[in-house]
Structures are given as structure tokens and as C-alpha cells.
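Shown here: protein-v3.csv, CSV, C-alpha atoms.
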```csv
chain,number,residue,atom,x,y,z
A,5,MET,CA,-38.7,-21.5,-23.6
A,6,THR,CA,-36.3,-24.2,-22.6
A,7,ALA,CA,-34.4,-24.3,-19.3
A,8,ALA,CA,-31.2,-23.8,-21.2
A,9,VAL,CA,-32.4,-20.5,-22.5
A,10,LEU,CA,-33.6,-19.3,-19.0
A,11,ALA,CA,-30.4,-20.4,-17.3
A,12,PRO,CA,-28.0,-17.5,-16.8
A,13,ASP,CA,-24.7,-17.6,-18.7
A,14,ALA,CA,-22.3,-19.7,-16.7
A,15,ALA,CA,-19.4,-17.4,-17.3
A,16,VAL,CA,-21.4,-14.4,-16.2
A,17,VAL,CA,-22.5,-16.1,-13.0
A,18,ASP,CA,-18.9,-17.2,-12.4
A,19,SER,CA,-17.4,-13.8,-12.8
A,20,ARG,CA,-20.0,-12.3,-10.4
A,21,ARG,CA,-19.4,-15.0,-7.9
A,22,LEU,CA,-15.7,-14.6,-8.2
A,23,ALA,CA,-16.0,-10.9,-7.6
A,24,LEU,CA,-18.2,-11.3,-4.6
A,25,ARG,CA,-15.8,-13.9,-3.2
A,26,ASP,CA,-12.8,-11.6,-3.7
A,27,ALA,CA,-14.8,-8.7,-2.1
A,28,ARG,CA,-15.5,-10.9,0.9
A,29,THR,CA,-11.8,-11.7,1.1
A,30,VAL,CA,-10.6,-8.1,1.3
A,31,ALA,CA,-13.6,-6.7,3.3
A,32,PRO,CA,-12.2,-7.8,6.8
A,33,GLY,CA,-9.1,-5.8,6.1
A,34,LEU,CA,-11.0,-2.7,4.8
A,35,LEU,CA,-13.4,-2.5,7.6
A,36,PRO,CA,-11.0,-1.5,10.4
A,37,PHE,CA,-9.2,1.0,8.2
A,38,GLY,CA,-12.5,2.6,7.1
A,39,MET,CA,-13.6,2.8,10.7
A,40,LEU,CA,-10.3,4.3,11.7
A,41,LEU,CA,-10.8,6.9,9.0
A,42,GLY,CA,-14.3,7.6,10.4
A,43,VAL,CA,-13.0,8.0,13.9
A,44,THR,CA,-10.2,10.3,12.6
A,45,VAL,CA,-12.9,12.4,10.9
A,46,VAL,CA,-14.7,12.9,14.2
A,47,SER,CA,-11.5,13.5,16.2
A,48,THR,CA,-10.2,16.2,13.8
A,49,GLY,CA,-13.5,18.0,14.1
A,50,ALA,CA,-14.1,17.6,10.3
A,51,SER,CA,-17.6,17.3,8.9
A,52,GLY,CA,-18.9,13.7,9.2
A,53,LEU,CA,-20.7,14.2,5.9
A,54,ALA,CA,-17.5,15.3,4.1
A,55,GLY,CA,-15.7,12.3,5.6
A,56,VAL,CA,-18.4,9.8,4.5
A,57,LEU,CA,-18.9,11.4,1.1
A,58,GLY,CA,-15.2,11.5,0.6
A,59,GLY,CA,-15.2,7.7,0.8
A,60,PRO,CA,-16.8,7.1,-2.6
A,61,ILE,CA,-15.5,10.4,-4.1
A,62,VAL,CA,-11.8,9.9,-3.4
A,63,TYR,CA,-12.0,6.1,-2.9
A,64,GLY,CA,-8.5,6.1,-1.4
A,65,GLY,CA,-8.2,5.8,2.4
A,66,SER,CA,-4.6,6.9,2.9
A,67,ALA,CA,-5.1,10.0,0.6
A,68,GLN,CA,-8.3,10.9,2.3
A,69,LEU,CA,-6.7,10.5,5.7
A,70,THR,CA,-3.8,12.7,4.6
A,71,ALA,CA,-6.1,15.4,3.3
A,72,LEU,CA,-8.2,15.5,6.5
A,73,THR,CA,-5.2,15.5,8.8
A,74,LEU,CA,-3.5,18.4,6.8
A,75,LEU,CA,-6.7,20.4,6.7
A,76,ASP,CA,-7.0,20.0,10.5
A,77,ARG,CA,-3.4,21.4,10.7
A,78,GLY,CA,-4.5,24.5,8.8
A,79,LEU,CA,-2.8,23.9,5.4
A,80,GLY,CA,-4.3,25.5,2.3
A,81,LEU,CA,-6.4,23.6,-0.2
A,82,ALA,CA,-3.7,23.4,-2.9
A,83,ALA,CA,-1.1,22.1,-0.5
A,84,VAL,CA,-3.6,19.6,1.0
A,85,VAL,CA,-4.7,18.2,-2.5
A,86,LEU,CA,-1.1,18.1,-3.7
A,87,SER,CA,0.2,16.1,-0.7
A,88,ALA,CA,-2.8,13.7,-0.8
A,89,ALA,CA,-2.4,13.3,-4.5
A,90,VAL,CA,1.3,12.2,-4.0
A,91,VAL,CA,0.0,9.6,-1.6
A,92,ASN,CA,-2.2,8.2,-4.3
A,93,ALA,CA,0.3,8.5,-7.1
A,94,ARG,CA,0.5,4.7,-7.2
A,95,LEU,CA,-2.8,4.7,-8.9
A,96,LEU,CA,-0.8,5.7,-12.1
A,97,LEU,CA,1.0,2.4,-11.8
A,98,TYR,CA,-2.2,0.4,-11.3
A,99,SER,CA,-3.7,2.3,-14.3
A,100,ALA,CA,-0.7,1.2,-16.4
A,101,ALA,CA,-0.9,-2.4,-15.2
A,102,LEU,CA,-4.7,-2.7,-15.8
A,103,GLY,CA,-5.0,-0.4,-18.8
A,104,HIS,CA,-5.0,-3.2,-21.4
A,105,ARG,CA,-7.9,-4.9,-19.7
A,106,PHE,CA,-10.1,-1.8,-20.2
A,107,ARG,CA,-9.0,-1.1,-23.7
A,108,ALA,CA,-11.5,-3.1,-25.7
A,109,GLN,CA,-14.4,-2.3,-23.3
A,110,PRO,CA,-17.4,0.0,-24.1
A,111,ALA,CA,-16.7,3.8,-23.8
A,112,LEU,CA,-18.9,4.2,-20.7
A,113,PHE,CA,-17.0,1.5,-18.9
A,114,ARG,CA,-13.6,3.0,-19.8
A,115,TRP,CA,-14.6,6.4,-18.5
A,116,LEU,CA,-16.3,5.3,-15.3
A,117,ALA,CA,-15.0,1.9,-14.2
A,118,PRO,CA,-11.4,3.0,-13.6
A,119,HIS,CA,-12.8,4.9,-10.5
A,120,PHE,CA,-12.9,1.5,-8.8
A,121,ILE,CA,-9.1,1.1,-9.1
A,122,ILE,CA,-7.7,0.9,-5.6
A,123,ASP,CA,-5.0,-1.3,-4.0
A,124,GLN,CA,-7.4,-4.2,-3.2
A,125,THR,CA,-9.3,-4.2,-6.5
A,126,TYR,CA,-6.0,-4.0,-8.5
A,127,LEU,CA,-4.5,-6.9,-6.5
A,128,MET,CA,-7.6,-9.1,-6.9
A,129,ALA,CA,-8.0,-8.4,-10.6
A,130,ASP,CA,-4.2,-9.1,-11.0
A,131,SER,CA,-4.9,-12.6,-9.6
A,132,HIS,CA,-7.4,-13.3,-12.5
A,133,PRO,CA,-5.5,-12.5,-15.7
A,134,GLU,CA,-7.8,-14.9,-17.5
A,135,LEU,CA,-10.8,-12.6,-17.2
A,136,ALA,CA,-11.4,-10.5,-20.3
A,137,GLY,CA,-14.1,-8.8,-22.3
A,138,ARG,CA,-17.6,-9.1,-20.8
A,139,ASP,CA,-16.4,-11.4,-18.0
A,140,PHE,CA,-13.9,-8.8,-16.8
A,141,ARG,CA,-16.5,-6.1,-17.1
A,142,ARG,CA,-18.9,-8.0,-14.9
A,143,TYR,CA,-16.2,-9.0,-12.5
A,144,TRP,CA,-14.8,-5.5,-12.1
A,145,THR,CA,-18.2,-3.9,-11.7
A,146,TRP,CA,-19.3,-6.3,-9.0
A,147,LEU,CA,-15.9,-6.2,-7.2
A,148,GLY,CA,-15.5,-2.4,-7.3
A,149,GLY,CA,-19.1,-1.7,-6.4
A,150,THR,CA,-19.2,-4.1,-3.5
A,151,VAL,CA,-15.9,-2.9,-2.1
A,152,LEU,CA,-17.1,0.7,-2.5
A,153,VAL,CA,-20.2,-0.1,-0.4
A,154,VAL,CA,-18.1,-1.8,2.3
A,155,TRP,CA,-15.6,1.0,2.3
A,156,THR,CA,-18.2,3.8,2.6
A,157,GLY,CA,-20.2,1.8,5.2
A,158,SER,CA,-17.1,1.3,7.4
A,159,ILE,CA,-16.3,5.0,7.3
A,160,ALA,CA,-19.9,5.8,8.3
A,161,LEU,CA,-19.7,3.2,11.1
A,162,GLY,CA,-16.5,4.8,12.4
A,163,VAL,CA,-18.1,8.2,12.4
A,164,VAL,CA,-21.1,6.9,14.3
A,165,LEU,CA,-19.2,4.7,16.8
A,166,ALA,CA,-16.3,7.1,17.4
A,167,PRO,CA,-17.6,8.5,20.7
A,168,MET,CA,-18.1,4.9,22.1
A,169,LEU,CA,-14.9,3.2,20.9
A,170,PRO,CA,-11.9,2.8,23.3
A,171,PRO,CA,-8.6,4.1,21.9
A,172,LEU,CA,-7.1,1.4,19.5
A,173,PRO,CA,-3.9,2.9,18.2
A,174,HIS,CA,-2.8,-0.3,16.6
A,175,LEU,CA,-6.0,-0.8,14.6
A,176,THR,CA,-4.3,0.0,11.3
A,177,LEU,CA,-2.2,-3.2,11.8
A,178,VAL,CA,-5.3,-5.2,10.7
A,179,GLY,CA,-5.1,-3.5,7.3
A,180,THR,CA,-1.3,-4.1,7.3
A,181,ALA,CA,-2.0,-7.8,8.0
A,182,MET,CA,-4.4,-7.9,5.0
A,183,PHE,CA,-1.6,-6.6,2.7
A,184,LEU,CA,0.9,-9.1,4.3
A,185,GLY,CA,-1.6,-11.9,3.7
A,186,LEU,CA,-1.9,-10.9,0.0
A,187,LEU,CA,1.9,-10.5,-0.3
A,188,VAL,CA,3.2,-13.8,1.2
A,189,PRO,CA,1.6,-16.1,-1.4
A,190,ARG,CA,3.1,-14.0,-4.2
A,191,LEU,CA,6.7,-14.6,-3.0
A,192,VAL,CA,7.1,-17.5,-5.4
A,193,ASP,CA,10.3,-16.6,-7.3
A,194,ARG,CA,13.4,-14.5,-7.0
A,195,PRO,CA,12.1,-11.4,-8.8
A,196,ALA,CA,9.0,-11.3,-6.6
A,197,VAL,CA,11.1,-11.6,-3.4
A,198,VAL,CA,13.5,-8.9,-4.6
A,199,ALA,CA,10.6,-6.6,-5.6
A,200,ALA,CA,9.1,-7.1,-2.1
A,201,VAL,CA,12.4,-6.6,-0.2
A,202,VAL,CA,13.5,-3.6,-2.1
A,203,GLY,CA,10.0,-2.2,-2.3
A,204,GLY,CA,9.4,-2.5,1.4
A,205,GLY,CA,12.9,-1.2,2.3
A,206,VAL,CA,12.8,1.8,0.1
A,207,ALA,CA,9.2,2.6,1.1
A,208,ALA,CA,10.0,2.5,4.8
A,209,ALA,CA,13.2,4.6,4.3
A,210,VAL,CA,11.5,7.3,2.1
A,211,SER,CA,8.5,7.5,4.4
A,212,TRP,CA,10.7,8.6,7.3
A,213,VAL,CA,11.8,11.6,5.2
A,214,LEU,CA,8.7,12.2,3.0
A,215,PRO,CA,5.7,10.1,4.3
A,216,ALA,CA,3.5,10.9,1.3
A,217,ALA,CA,6.0,9.5,-1.2
A,218,GLY,CA,7.0,6.3,0.6
A,219,ILE,CA,4.7,3.8,-1.2
A,220,VAL,CA,5.1,5.0,-4.7
A,221,ALA,CA,8.9,5.3,-4.3
A,222,GLY,CA,9.0,1.8,-2.9
A,223,ALA,CA,6.8,0.4,-5.7
A,224,VAL,CA,9.0,2.0,-8.4
A,225,ALA,CA,12.3,0.8,-6.7
A,226,GLY,CA,10.9,-2.7,-6.2
A,227,VAL,CA,9.8,-3.0,-9.8
A,228,ALA,CA,13.2,-1.7,-11.1
A,229,ALA,CA,15.1,-4.1,-8.9
A,230,ALA,CA,12.9,-7.1,-10.0
A,231,MET,CA,13.5,-6.1,-13.6
A,232,ALA,CA,17.2,-6.1,-13.0
A,233,VAL,CA,17.1,-9.5,-11.4
A,234,SER,CA,14.9,-10.9,-14.2
A,235,ARG,CA,17.4,-9.7,-16.8
A,236,ASP,CA,20.3,-11.4,-14.8
A,237,ASP,CA,18.3,-14.7,-14.7
B,23,MET,CA,-17.4,23.1,3.4
B,24,THR,CA,-13.6,23.3,2.8
B,25,GLU,CA,-13.4,19.6,3.6
B,26,LEU,CA,-16.0,18.7,1.0
B,27,VAL,CA,-14.3,20.9,-1.7
B,28,ALA,CA,-11.0,19.2,-0.9
B,29,MET,CA,-12.6,15.8,-1.3
B,30,LEU,CA,-14.1,16.8,-4.6
B,31,VAL,CA,-10.8,18.2,-6.0
B,32,LEU,CA,-8.8,15.3,-4.7
B,33,GLY,CA,-11.4,12.8,-6.1
B,34,ALA,CA,-11.0,14.5,-9.5
B,35,VAL,CA,-7.2,14.3,-9.3
B,36,CYS,CA,-7.3,10.6,-8.3
B,37,TRP,CA,-9.8,9.9,-11.2
B,38,VAL,CA,-7.3,11.4,-13.7
B,39,PHE,CA,-4.5,9.2,-12.2
B,40,ARG,CA,-6.8,6.2,-12.7
B,41,ILE,CA,-7.7,6.9,-16.3
B,42,VAL,CA,-4.3,8.0,-17.6
B,43,PHE,CA,-3.3,4.6,-19.1
B,44,VAL,CA,-6.9,3.7,-19.9
B,45,LEU,CA,-8.1,6.7,-21.8
B,46,LEU,CA,-5.2,9.1,-22.4
B,47,VAL,CA,-2.1,7.1,-23.0
B,48,PRO,CA,-2.8,3.5,-24.1
B,49,ALA,CA,-0.9,1.1,-21.9
B,50,THR,CA,0.3,-0.6,-25.1
B,51,ALA,CA,2.2,2.5,-25.9
B,52,LEU,CA,4.5,1.9,-23.0
B,53,PRO,CA,7.9,0.3,-23.8
B,54,ALA,CA,7.8,-3.5,-23.6
B,55,ARG,CA,10.4,-3.4,-20.9
B,56,VAL,CA,8.2,-1.2,-18.7
B,57,ARG,CA,5.1,-3.4,-19.4
B,58,ARG,CA,7.1,-6.5,-18.3
B,59,GLY,CA,8.3,-4.6,-15.2
B,60,LEU,CA,4.7,-4.0,-14.2
B,61,ASP,CA,4.4,-7.8,-13.7
B,62,HIS,CA,6.4,-7.3,-10.6
B,63,LEU,CA,4.3,-4.4,-9.3
B,64,ALA,CA,2.1,-6.3,-7.0
B,65,PRO,CA,4.8,-7.6,-4.6
B,66,ALA,CA,6.6,-4.3,-4.7
B,67,VAL,CA,3.6,-2.2,-3.8
B,68,LEU,CA,2.2,-4.7,-1.2
B,69,ALA,CA,5.6,-4.7,0.6
B,70,GLY,CA,5.7,-0.9,0.3
B,71,ILE,CA,2.2,-0.4,1.8
B,72,ALA,CA,2.9,-2.9,4.7
B,73,ALA,CA,6.3,-1.2,5.4
B,74,VAL,CA,4.9,2.3,5.4
B,75,GLU,CA,1.9,1.4,7.6
B,76,LEU,CA,4.2,-0.5,10.0
B,77,THR,CA,6.7,2.4,10.3
B,78,GLY,CA,3.8,4.8,10.8
B,79,THR,CA,2.4,2.7,13.7
B,80,MET,CA,5.9,2.4,15.1
B,81,GLY,CA,6.5,6.1,15.1
B,82,ALA,CA,3.4,6.7,17.2
B,83,GLY,CA,4.1,4.2,20.0
B,84,ASP,CA,6.5,3.5,22.8
B,85,LEU,CA,9.2,0.8,22.7
B,86,ARG,CA,7.2,-1.8,24.4
B,87,SER,CA,4.1,-1.5,22.2
B,88,ASN,CA,6.3,-1.2,19.1
B,89,LEU,CA,8.0,-4.5,19.9
B,90,LEU,CA,4.6,-6.1,20.6
B,91,ALA,CA,3.3,-4.8,17.3
B,92,LEU,CA,6.4,-6.1,15.4
B,93,GLY,CA,6.1,-9.5,17.1
B,94,ALA,CA,2.4,-9.6,16.2
B,95,MET,CA,3.1,-8.8,12.5
B,96,ALA,CA,5.8,-11.5,12.4
B,97,VAL,CA,3.3,-14.1,13.8
B,98,VAL,CA,0.6,-12.9,11.3
B,99,ALA,CA,3.1,-13.3,8.4
B,100,GLY,CA,3.9,-16.8,9.6
B,101,ILE,CA,0.1,-17.6,9.7
B,102,ALA,CA,-0.3,-16.2,6.2
B,103,ARG,CA,2.6,-18.4,5.0
B,104,ARG,CA,1.5,-21.5,6.8
B,105,PHE,CA,-2.2,-21.5,6.0
B,106,GLY,CA,-2.5,-19.2,3.0
B,107,ASN,CA,-5.9,-18.0,4.2
B,108,LEU,CA,-6.4,-14.3,4.1
B,109,SER,CA,-9.5,-14.3,6.4
B,110,LEU,CA,-7.6,-16.2,9.1
B,111,THR,CA,-4.6,-13.8,8.7
B,112,VAL,CA,-6.8,-10.8,9.3
B,113,VAL,CA,-8.7,-12.4,12.2
B,114,ALA,CA,-5.4,-13.2,13.8
B,115,ALA,CA,-4.2,-9.6,13.4
B,116,LEU,CA,-7.5,-8.3,14.9
B,117,ALA,CA,-7.0,-10.5,17.9
B,118,ALA,CA,-3.4,-9.3,18.3
B,119,VAL,CA,-4.5,-5.7,18.0
B,120,LEU,CA,-7.2,-6.1,20.6
B,121,ALA,CA,-4.8,-7.9,22.9
B,122,ILE,CA,-2.1,-5.2,22.6
B,123,ASP,CA,-4.5,-2.2,22.9
B,124,LEU,CA,-7.0,-3.5,25.5
B,125,LEU,CA,-5.1,-6.0,27.6
B,126,VAL,CA,-1.4,-5.3,27.5
B,127,ARG,CA,-1.2,-1.5,27.4
```
Transcribe the structure of this file into C-alpha cells.
Amino acid sequence: MTAAVLAPDAAVVDSRRLALRDARTVAPGLLPFGMLLGVTVVSTGASGLAGVLGGPIVYGGSAQLTALTLLDRGLGLAAVVLSAAVVNARLLLYSAALGHRFRAQPALFRWLAPHFIIDQTYLMADSHPELAGRDFRRYWTWLGGTVLVVWTGSIALGVVLAPMLPPLPHLTLVGTAMFLGLLVPRLVDRPAVVAAVVGGGVAAAVSWVLPAAGIVAGAVAGVAAAMAVSRDD
Amino acid sequence: MTELVAMLVLGAVCWVFRIVFVLLVPATALPARVRRGLDHLAPAVLAGIAAVELTGTMGAGDLRSNLLALGAMAVVAGIARRFGNLSLTVVAALAAVLAIDLLVR
């Protein structure tokens, strides 16, 4: 066999390397949020096992946090799931935005891989529109899998370290900073700025009245405003 | 046990959200206008998440720590704009959080 035959496909290696680089980029922002979730699991008296298993099962920190907090307040299962589902309703938007990239993939990938859709993976994949077919499949599997491991590990770490950690009420700001860091480079044209200003403003306003619906309301309003501005331009 | 059941049911609901436009309704079936609008989703949702997280943190603190947190986030946004380096942005935020929660409060 020649060296050329033995050498791994360059595109495959690149998509894997790209995925690991992107996972490394978002990991520092995920870690504090996951730990905070783990600490919350302990402080609400919830089962640590349910908290840690909920990481990969729900794969959505804000929805899981909402569910655990509402269960702690004594709400019924249906009300808890409904409220937490509203928090994660933005997954519908991500599904619509990424849907075309899953369309021509094998059936198993189309059924299972959408589970990796979260804020960070959507945003990272959105930055690489050139990846398609096998490259996208390889990229998405490595990115989603690695982020899932980091996420679940950080929740477990929070559960274990909870009794030793000092109170850090502003720890969530590290996650906020990650989203700001992803947002700022995208503000390159008028529609993007309008989407961000309207999206942020509406999300903040709605979250005062109905915290669970803030993000999805902001996203829809921001997209609508950007579309209106694009039409004017 | 209730928590685990809640996680399983919530996980199933979230999975359905994730597959809606992958398996159930092809994203190509959406009107072209809506598909074009989704190009603007990333900045809208990022700003929305940051705003909601910030207002949530504000609601839980006193005026002094709220002002410190807002100032810290303004500095962090400036660092993100100046250097365009996500790791540096997150490390700056972590330093600010530790300073606010361990030294200032």
C-alpha cells in the first residue's frame, strides 16, 4: 500500500479538527454554566443522578435549570415540562435553520444527530456554511459529541464540588460573556445590528413578564426586524 | 424519581423540537421569505440570550453588584470587539466575576 492510500482523507481530518477547535472555543463558556447547574441540583435537594443524567438527556441547560427549579417549588410534572419546553422553543428555530444540512444525510444521522442541536453547536455550524455531506456529518458528530461530554462533565463537577464552592452569584455572567463574544463579530451589517438590538430588547422586556418566553420572543422579533430592514435596503 | 421522569419527558419534547424541520417538515417547505429571515437568527438569538441572562442576574442582586456586573459586561464586550478572541473574552469575564463575588462583595 502506498502512503497516499494510508493517509486519512484531508477533508475528513479537517472537519474533525475544525469541530474540536470549535468545541474548545465554546467549552470555557459552557463549563461555569454546567457547574452552576450542578450546584443548583444540590442546593434544591434534587437527585444528583437525575441532574447529571439530565445533561445528556435534555441537553439544554436553561430548560433543565427551569425544570429543576419548578420541581423544587412543588409544581406538577406537566406544568414543569411545559414551562421548560417553552424555554427551549428556540430549538425549533435552530431546526429550521439547520434542516437543509441534515436533509441529504443517512437516516440514522437524521434521526439521532439533531439531538446535538443547542445554542453553541448551532452557532458554530452556522459559521461553517461550506461544510456539507460527509464533512458536515463528521464535523457535527465530533462537535456535538465533544460538547456533550464537556457539558455533562461540568454538571457532574458542579454536583461534586457544590459543598466546597463559595457563593458565586455572578457565575452565569461567564456564559453571558461567551454569547457576547460570539455576537460582537457578527454585527457586520445593518440587518445584523437591528436583529441584535431588537432581539435583545424584546427578550429582556418579555423576560420581565414571562421569563420562559424571553429568548424565543426576542429571536422572532429580531429576525422579523432584520427582515424588514433588509427589504428596505 | 420525579426529577428523572421530568428529565426524560423534557428530553423527548426537546428532541421533537430538534427534529421538526429535519424529519417532519422539510426546511425547504418553508416560504423563501422565512428561510431568508433565518439568516438573521444568530445575532437575534445571541442578543436575546445575553439580555435574558443579564436581566436575570440583575434581578437577583443589589444596586452596587448590578452596576459592577453591567460595567464588567461592557468591558467584556469591548474586549470581544477589540481582540475578536472568544477565549480571551471568557477569561476576562471569569476574572471579573471572581473579582465581584470574592473581592468586592
Subject >> Neighbour list for Val56 (chain A) as a list in words, cut-off 9 Å, all atoms listed in the file, skip fewer than 4 positions in-chain >> reply: Gly42, Val45, Ser51, Gly52, Pro60, Thr156, Gly157, Ile159, Ala160 and Val163 of chain A
**OP:** Check the smallest atom-to-atom distance from each of A:Val85, A:Ala199, A:Trp146, A:Gly205 to Met29 (chain B) using only C-alpha atoms, then report the winner.
**Re:** A:Val85
Original post:
In Å, with one decimal, what is the gap from CA of Asp123 (chain B) to CA of His174 (chain A)?
Top reply: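 The value is 6.8 Å.
Relative to CA of Gly204 (chain A), CA of Leu89 (chain B) is found at 18.7 Å.
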**OP:** Could you please give me, as a list in words, the residues of protein, DNA or RNA lying at most 8 Å from (-9.2, 19.6, 3.7) in the coordinate frame of the file, considering all atoms listed in the file?
**Re:** Ala71, Leu72, Thr73, Leu74, Leu75, Asp76, Leu79, Gly80, Leu81, Val84 and Val85 of chain A; Thr24, Glu25, Leu26, Val27, Ala28 and Met29 of chain B
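Candidate residues B:Leu46, B:Asp61, B:Ala51, B:Ala94 were compared for distance to Pro133 (chain A), and the nearest is B:Asp61, using all atoms listed in the file.
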Near Phe39 (chain B), within 12 Å and counting all atoms listed in the file, which residues show up once chain neighbours fewer than 6 positions away are dropped, as a tab-separated table (two decimals) with C-alpha atoms, keeping the file's coordinate frame?
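Generated output (around-v9.tsv):
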```
chain	number	residue	atom	x	y	z
A	62	VAL	CA	-11.80	9.90	-3.40
A	64	GLY	CA	-8.50	6.10	-1.40
A	89	ALA	CA	-2.40	13.30	-4.50
A	90	VAL	CA	1.30	12.20	-4.00
A	91	VAL	CA	0.00	9.60	-1.60
A	92	ASN	CA	-2.20	8.20	-4.30
A	93	ALA	CA	0.30	8.50	-7.10
A	94	ARG	CA	0.50	4.70	-7.20
A	95	LEU	CA	-2.80	4.70	-8.90
A	96	LEU	CA	-0.80	5.70	-12.10
A	97	LEU	CA	1.00	2.40	-11.80
A	98	TYR	CA	-2.20	0.40	-11.30
A	99	SER	CA	-3.70	2.30	-14.30
A	100	ALA	CA	-0.70	1.20	-16.40
A	103	GLY	CA	-5.00	-0.40	-18.80
A	118	PRO	CA	-11.40	3.00	-13.60
A	119	HIS	CA	-12.80	4.90	-10.50
A	120	PHE	CA	-12.90	1.50	-8.80
A	121	ILE	CA	-9.10	1.10	-9.10
A	122	ILE	CA	-7.70	0.90	-5.60
B	32	LEU	CA	-8.80	15.30	-4.70
B	33	GLY	CA	-11.40	12.80	-6.10
B	45	LEU	CA	-8.10	6.70	-21.80
B	46	LEU	CA	-5.20	9.10	-22.40
B	47	VAL	CA	-2.10	7.10	-23.00
```
**OP:** May I ask which of the residues B:Leu125, B:Leu60, B:Ala99, B:Met80 is the closest one to Leu187 (chain A), counting only C-alpha atoms?
**Re:**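 Under the stated criterion, the closest residue is B:Ala99.
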**OP:** Please tell me which residues are no farther than 12 Å from (-1.7, -7.3, 21.2) in the file, counting all atoms listed in the file, and write them as a ChimeraX atom specification.
**Re:** /A:172-175,177-178 /B:86-95,97-98,114-127
**OP:** Rank A:Asp123, A:Leu165, A:Ala136, A:Val233 by their smallest atom-to-atom distance to Ile219 (chain A), using only C-alpha atoms, and report the top residue only.
**Re:**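 Among the listed residues, the smallest separation from Ile219 (chain A) belongs to A:Asp123.
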**OP:** Grab the CA of Leu116 (chain A) to CA of Ala129 (chain A) distance for me, in Å with one decimal place.
**Re:** 16.7 Å
**OP:** Find the residues near Leu68 (chain B): any atom within 9 Å, counting all atoms listed in the file, skip ones fewer than 3 places away on the same chain, and give them as a ChimeraX atom specification.
**Re:** /A:123,127,183-184,186-187,200,203-204,219,223 /B:63-65,71-73
Compile the contact shell of Leu135 (chain A) as a CSV table (one decimal) with C-alpha atoms, keeping the file's coordinate frame: residues with an atom at most 9 Å away, counting all atoms listed in the file, same-chain residues fewer than 5 positions apart removed.
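selection-v1.csv, written as the output of this step:
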```
chain,number,residue,atom,x,y,z
A,19,SER,CA,-17.4,-13.8,-12.8
A,105,ARG,CA,-7.9,-4.9,-19.7
A,129,ALA,CA,-8.0,-8.4,-10.6
A,140,PHE,CA,-13.9,-8.8,-16.8
A,141,ARG,CA,-16.5,-6.1,-17.1
A,143,TYR,CA,-16.2,-9.0,-12.5
```
Subject >> Given only C-alpha atoms as the counted atoms, nearest of A:Thr150, A:Val198, A:Val46, A:Gly78 to Gly162 (chain A) >> reply: A:Val46
Original post:
Of the candidates A:Arg142, A:Arg190, A:Arg77, A:Arg21, which one gets nearest to chain B if we count only C-alpha atoms?
Top reply: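 For chain B, the nearest of the candidates is A:Arg190.
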